[in-house]
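Each remark here refers to the structure printed beneath this line.
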Amino acid sequence: MRKAQLAATAAACKQEPGVIAPTVNLKRCEGKGDCVTVCPENVFQVRRIDEADYRELNILQKLKLRVHGLKVAYTPNADACRACGLCVSACPEHAITLGRRT
Ligand code: SF4
């Protein structure tokens, strides 16, 4: 998607920040970074998986993640999400879901 299209999609999004937030399924994420590229609110950061999260993976998931450099996407700026849905569509691993914050 081109930058102009991204901006138009973001502008069309009416959701206030802080209501909806993305969740990344770390069992599926391969840290490819498409979410970082498309998110107009800079919600995502791709970095090395936390040790505690790594321990939660099964052996096949650990091996897959090692092939991908142990990188996954985290959401340090989740409060800024405006629920445009671009990250959900862009993720090639279908690892991102949107949900109402509790
Ligand atoms: S839905 Fe995804 S791409 Fe859109 S603002 Fe929220 S985190 Fe960013």
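By order in the structure tokens, chains are A, B, ...; within a chain, residues start at 1; ligands start at 1, following the order shown.
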At a cut-off of 12 Å, using only C-alpha atoms, what residues contact Glu41 (chain A)? Leave out same-chain residues fewer than 2 positions from it and give the result as a compact mmCIF listing (two decimals) with N, CA and C atoms, in the first residue's frame.
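Written out: result-v6.txt:
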# COMPACT_ATOMS: atom_id res chain seq x y z
N LEU A 6 -2.09 4.95 2.82
CA LEU A 6 -1.99 4.74 4.26
C LEU A 6 -2.52 5.96 5.01
N ALA A 7 -2.09 7.13 4.58
CA ALA A 7 -2.52 8.35 5.26
C ALA A 7 -4.03 8.54 5.16
N THR A 9 -6.28 6.18 4.80
CA THR A 9 -6.92 5.18 5.65
C THR A 9 -6.86 5.61 7.11
N ALA A 10 -5.71 6.12 7.53
CA ALA A 10 -5.56 6.56 8.91
C ALA A 10 -6.47 7.73 9.21
N ALA A 11 -6.57 8.65 8.26
CA ALA A 11 -7.41 9.83 8.45
C ALA A 11 -8.88 9.44 8.55
N CYS A 13 -10.04 6.81 9.88
CA CYS A 13 -10.29 6.07 11.10
C CYS A 13 -10.79 7.01 12.19
N GLU A 16 -11.12 6.66 18.75
CA GLU A 16 -10.22 7.40 19.64
C GLU A 16 -9.11 6.46 20.11
N PRO A 17 -7.90 6.98 20.33
CA PRO A 17 -6.82 6.14 20.86
C PRO A 17 -7.17 5.63 22.26
N GLY A 18 -6.65 4.44 22.57
CA GLY A 18 -6.81 3.90 23.92
C GLY A 18 -8.03 3.03 24.13
N ALA A 21 -6.80 -2.10 21.05
CA ALA A 21 -5.34 -2.31 20.98
C ALA A 21 -5.05 -3.63 20.27
N PRO A 22 -3.91 -3.69 19.60
CA PRO A 22 -3.54 -4.93 18.92
C PRO A 22 -2.86 -5.90 19.89
N CYS A 35 4.03 -4.83 10.17
CA CYS A 35 3.20 -4.01 11.07
C CYS A 35 3.87 -2.67 11.36
N VAL A 36 5.18 -2.70 11.55
CA VAL A 36 5.93 -1.45 11.80
C VAL A 36 5.79 -0.52 10.60
N THR A 37 5.87 -1.10 9.42
CA THR A 37 5.81 -0.31 8.18
C THR A 37 4.45 0.34 7.99
N VAL A 38 3.38 -0.41 8.24
CA VAL A 38 2.04 0.12 7.88
C VAL A 38 1.38 0.94 8.98
N CYS A 39 1.76 0.75 10.23
CA CYS A 39 1.03 1.42 11.32
C CYS A 39 1.27 2.93 11.31
N VAL A 43 2.80 2.06 16.63
CA VAL A 43 2.48 1.21 17.78
C VAL A 43 3.53 0.11 17.98
N PHE A 44 4.12 -0.37 16.90
CA PHE A 44 4.94 -1.59 16.97
C PHE A 44 6.44 -1.34 17.04
N GLN A 45 7.10 -2.31 17.63
CA GLN A 45 8.57 -2.35 17.61
C GLN A 45 8.96 -3.81 17.44
N THR A 75 4.28 -4.22 21.21
CA THR A 75 3.41 -3.05 21.02
C THR A 75 3.64 -2.01 22.13
N PRO A 76 4.83 -1.39 22.16
CA PRO A 76 5.12 -0.45 23.23
C PRO A 76 4.25 0.80 23.21
N ASN A 77 3.65 1.08 22.06
CA ASN A 77 2.83 2.29 21.93
C ASN A 77 1.36 1.91 21.67
N ALA A 78 0.90 0.84 22.30
CA ALA A 78 -0.46 0.33 22.06
C ALA A 78 -1.54 1.37 22.38
N ASP A 79 -1.26 2.26 23.31
CA ASP A 79 -2.23 3.29 23.68
C ASP A 79 -2.61 4.21 22.52
N ALA A 80 -1.75 4.25 21.50
CA ALA A 80 -1.98 5.16 20.37
C ALA A 80 -2.84 4.53 19.27
N CYS A 81 -3.14 3.25 19.39
CA CYS A 81 -3.88 2.55 18.33
C CYS A 81 -5.24 3.19 18.08
N ARG A 82 -5.55 3.38 16.78
CA ARG A 82 -6.85 3.94 16.39
C ARG A 82 -7.68 2.95 15.59
N ALA A 83 -7.28 1.68 15.68
CA ALA A 83 -8.10 0.59 15.12
C ALA A 83 -8.33 0.68 13.62
N CYS A 84 -7.34 1.14 12.88
CA CYS A 84 -7.51 1.22 11.43
C CYS A 84 -7.49 -0.16 10.78
N GLY A 85 -6.83 -1.13 11.43
CA GLY A 85 -6.80 -2.50 10.92
C GLY A 85 -5.70 -2.79 9.92
N LEU A 86 -4.86 -1.81 9.63
CA LEU A 86 -3.82 -2.03 8.61
C LEU A 86 -2.84 -3.13 9.02
N CYS A 87 -2.53 -3.19 10.30
CA CYS A 87 -1.57 -4.20 10.76
C CYS A 87 -2.13 -5.61 10.62
For this session: With a distance cut-off of 9 Å and only C-alpha atoms, select the neighbouring residues of Ile96 (chain A), excluding the residue or stretch itself and same-chain residues fewer than 4 positions from it, and output the selection as an MDAnalysis selection string.
Result: chainID A and resid 22:25 28:29 35 87:89 91
Exercise. Among chain A, which residues carry a DSSP assignment of strand (DSSP E or B), reported as a PyMOL selection string?
Worked result: chain A and resi 20-24+45-48+71-74+96-100
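Rounded to one decimal, CA of Thr102 (chain A) and CA of Val46 (chain A) lie 24.1 Å from each other.
Between CA of Val67 (chain A) and CA of Glu30 (chain A) the interatomic distance comes to 9.0 Å.
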Problem set entry | Picked from region 1-99 of chain A by DSSP as alpha helix (DSSP H), as a ChimeraX atom specification | /A:3-12,34-38,51-55,59-67,86-90
Those same residues, written as an mmCIF file, in the first residue's frame with N, CA and C atoms?
data_model
loop_
_atom_site.group_PDB
_atom_site.id
_atom_site.type_symbol
_atom_site.label_atom_id
_atom_site.label_comp_id
_atom_site.auth_asym_id
_atom_site.auth_seq_id
_atom_site.Cartn_x
_atom_site.Cartn_y
_atom_site.Cartn_z
ATOM 1 N N LYS A 3 2.043 5.268 0.489
ATOM 2 C CA LYS A 3 1.969 6.168 1.652
ATOM 3 C C LYS A 3 0.708 7.010 1.644
ATOM 4 N N ALA A 4 0.319 7.510 0.457
ATOM 5 C CA ALA A 4 -0.882 8.341 0.366
ATOM 6 C C ALA A 4 -2.113 7.538 0.777
ATOM 7 N N GLN A 5 -2.155 6.278 0.376
ATOM 8 C CA GLN A 5 -3.280 5.417 0.742
ATOM 9 C C GLN A 5 -3.292 5.175 2.249
ATOM 10 N N LEU A 6 -2.095 4.951 2.817
ATOM 11 C CA LEU A 6 -1.990 4.741 4.261
ATOM 12 C C LEU A 6 -2.517 5.958 5.013
ATOM 13 N N ALA A 7 -2.095 7.130 4.579
ATOM 14 C CA ALA A 7 -2.517 8.355 5.257
ATOM 15 C C ALA A 7 -4.029 8.535 5.159
ATOM 16 N N ALA A 8 -4.585 8.235 3.982
ATOM 17 C CA ALA A 8 -6.030 8.375 3.792
ATOM 18 C C ALA A 8 -6.775 7.398 4.690
ATOM 19 N N THR A 9 -6.279 6.179 4.799
ATOM 20 C CA THR A 9 -6.920 5.185 5.652
ATOM 21 C C THR A 9 -6.862 5.615 7.105
ATOM 22 N N ALA A 10 -5.710 6.116 7.527
ATOM 23 C CA ALA A 10 -5.561 6.558 8.913
ATOM 24 C C ALA A 10 -6.470 7.733 9.208
ATOM 25 N N ALA A 11 -6.570 8.654 8.259
ATOM 26 C CA ALA A 11 -7.414 9.831 8.454
ATOM 27 C C ALA A 11 -8.878 9.437 8.551
ATOM 28 N N ALA A 12 -9.256 8.381 7.830
ATOM 29 C CA ALA A 12 -10.650 7.945 7.828
ATOM 30 C C ALA A 12 -11.018 7.224 9.117
ATOM 31 N N ASP A 34 6.197 -5.987 8.920
ATOM 32 C CA ASP A 34 5.177 -5.328 8.091
ATOM 33 C C ASP A 34 4.289 -4.423 8.940
ATOM 34 N N CYS A 35 4.029 -4.830 10.167
ATOM 35 C CA CYS A 35 3.198 -4.011 11.072
ATOM 36 C C CYS A 35 3.874 -2.671 11.360
ATOM 37 N N VAL A 36 5.182 -2.696 11.546
ATOM 38 C CA VAL A 36 5.928 -1.453 11.799
ATOM 39 C C VAL A 36 5.789 -0.522 10.600
ATOM 40 N N THR A 37 5.869 -1.105 9.417
ATOM 41 C CA THR A 37 5.809 -0.309 8.185
ATOM 42 C C THR A 37 4.448 0.345 7.987
ATOM 43 N N VAL A 38 3.378 -0.405 8.241
ATOM 44 C CA VAL A 38 2.043 0.122 7.882
ATOM 45 C C VAL A 38 1.377 0.943 8.979
ATOM 46 N N GLU A 51 12.934 -13.173 27.228
ATOM 47 C CA GLU A 51 13.231 -14.533 27.683
ATOM 48 C C GLU A 51 11.971 -15.242 28.198
ATOM 49 N N ALA A 52 11.156 -14.533 28.964
ATOM 50 C CA ALA A 52 9.940 -15.138 29.523
ATOM 51 C C ALA A 52 8.980 -15.557 28.405
ATOM 52 N N ASP A 53 8.864 -14.742 27.362
ATOM 53 C CA ASP A 53 7.995 -15.092 26.237
ATOM 54 C C ASP A 53 8.571 -16.273 25.463
ATOM 55 N N TYR A 54 9.882 -16.304 25.325
ATOM 56 C CA TYR A 54 10.535 -17.403 24.606
ATOM 57 C C TYR A 54 10.282 -18.739 25.301
ATOM 58 N N ARG A 55 10.316 -18.705 26.616
ATOM 59 C CA ARG A 55 10.099 -19.946 27.381
ATOM 60 C C ARG A 55 8.689 -20.500 27.201
ATOM 61 N N ILE A 59 8.828 -26.398 21.277
ATOM 62 C CA ILE A 59 10.125 -26.608 20.636
ATOM 63 C C ILE A 59 10.109 -26.221 19.149
ATOM 64 N N LEU A 60 9.013 -26.522 18.456
ATOM 65 C CA LEU A 60 8.933 -26.161 17.033
ATOM 66 C C LEU A 60 8.863 -24.647 16.855
ATOM 67 N N GLN A 61 8.105 -23.994 17.721
ATOM 68 C CA GLN A 61 8.014 -22.530 17.650
ATOM 69 C C GLN A 61 9.368 -21.890 17.952
ATOM 70 N N LYS A 62 10.101 -22.463 18.904
ATOM 71 C CA LYS A 62 11.437 -21.940 19.216
ATOM 72 C C LYS A 62 12.378 -22.088 18.033
ATOM 73 N N LEU A 63 12.328 -23.248 17.381
ATOM 74 C CA LEU A 63 13.197 -23.478 16.219
ATOM 75 C C LEU A 63 12.853 -22.513 15.092
ATOM 76 N N LYS A 64 11.562 -22.319 14.838
ATOM 77 C CA LYS A 64 11.128 -21.399 13.781
ATOM 78 C C LYS A 64 11.612 -19.987 14.091
ATOM 79 N N LEU A 65 11.479 -19.584 15.344
ATOM 80 C CA LEU A 65 11.880 -18.231 15.716
ATOM 81 C C LEU A 65 13.400 -18.054 15.600
ATOM 82 N N ARG A 66 14.148 -19.097 15.891
ATOM 83 C CA ARG A 66 15.609 -19.003 15.749
ATOM 84 C C ARG A 66 15.989 -18.762 14.296
ATOM 85 N N VAL A 67 15.270 -19.415 13.377
ATOM 86 C CA VAL A 67 15.521 -19.209 11.953
ATOM 87 C C VAL A 67 15.300 -17.738 11.585
ATOM 88 N N LEU A 86 -4.860 -1.812 9.626
ATOM 89 C CA LEU A 86 -3.821 -2.028 8.612
ATOM 90 C C LEU A 86 -2.842 -3.126 9.020
ATOM 91 N N CYS A 87 -2.528 -3.192 10.297
ATOM 92 C CA CYS A 87 -1.566 -4.205 10.761
ATOM 93 C C CYS A 87 -2.127 -5.613 10.617
ATOM 94 N N VAL A 88 -3.414 -5.756 10.886
ATOM 95 C CA VAL A 88 -4.052 -7.075 10.771
ATOM 96 C C VAL A 88 -3.963 -7.568 9.332
ATOM 97 N N SER A 89 -4.248 -6.668 8.396
ATOM 98 C CA SER A 89 -4.203 -7.038 6.976
ATOM 99 C C SER A 89 -2.783 -7.285 6.495
ATOM 100 N N ALA A 90 -1.831 -6.537 7.030
ATOM 101 C CA ALA A 90 -0.458 -6.603 6.518
ATOM 102 C C ALA A 90 0.325 -7.799 7.035
#
Exercise. How many Å lie between CA of His94 (chain A) and CA of Leu26 (chain A), rounded to one decimal?
Worked result: 10.8 Å
Exercise. Which residue out of A:Ile49, A:Gly33, A:Pro40, A:Ala95 has the minimum interatomic distance to ligand 1 when only C-alpha atoms and all ligand atoms are used?
Worked result: A:Pro40
For this session: Determine the nearest neighbour of ligand 1 from the options A:Lys71, A:Asp50, A:Ile20, A:Arg101, counting only C-alpha atoms and all ligand atoms.
Result: A:Ile20
For this session: Select, from A:Gly69, A:Gly31, A:Pro92, A:Gly99, the residue with the minimum atom-to-atom distance to ligand 1, counting only C-alpha atoms and all ligand atoms.
Result: A:Gly99
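Counting only C-alpha atoms and all ligand atoms and comparing A:His68, A:Arg47, A:Arg100, A:Lys27, the residue that lies closest to ligand 1 is A:Arg100.
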For this session: Tell me which of A:Asn58, A:Ala73, A:Asn42, A:Val19 sits closest to ligand 1, counting only C-alpha atoms and all ligand atoms.
Result: A:Asn42
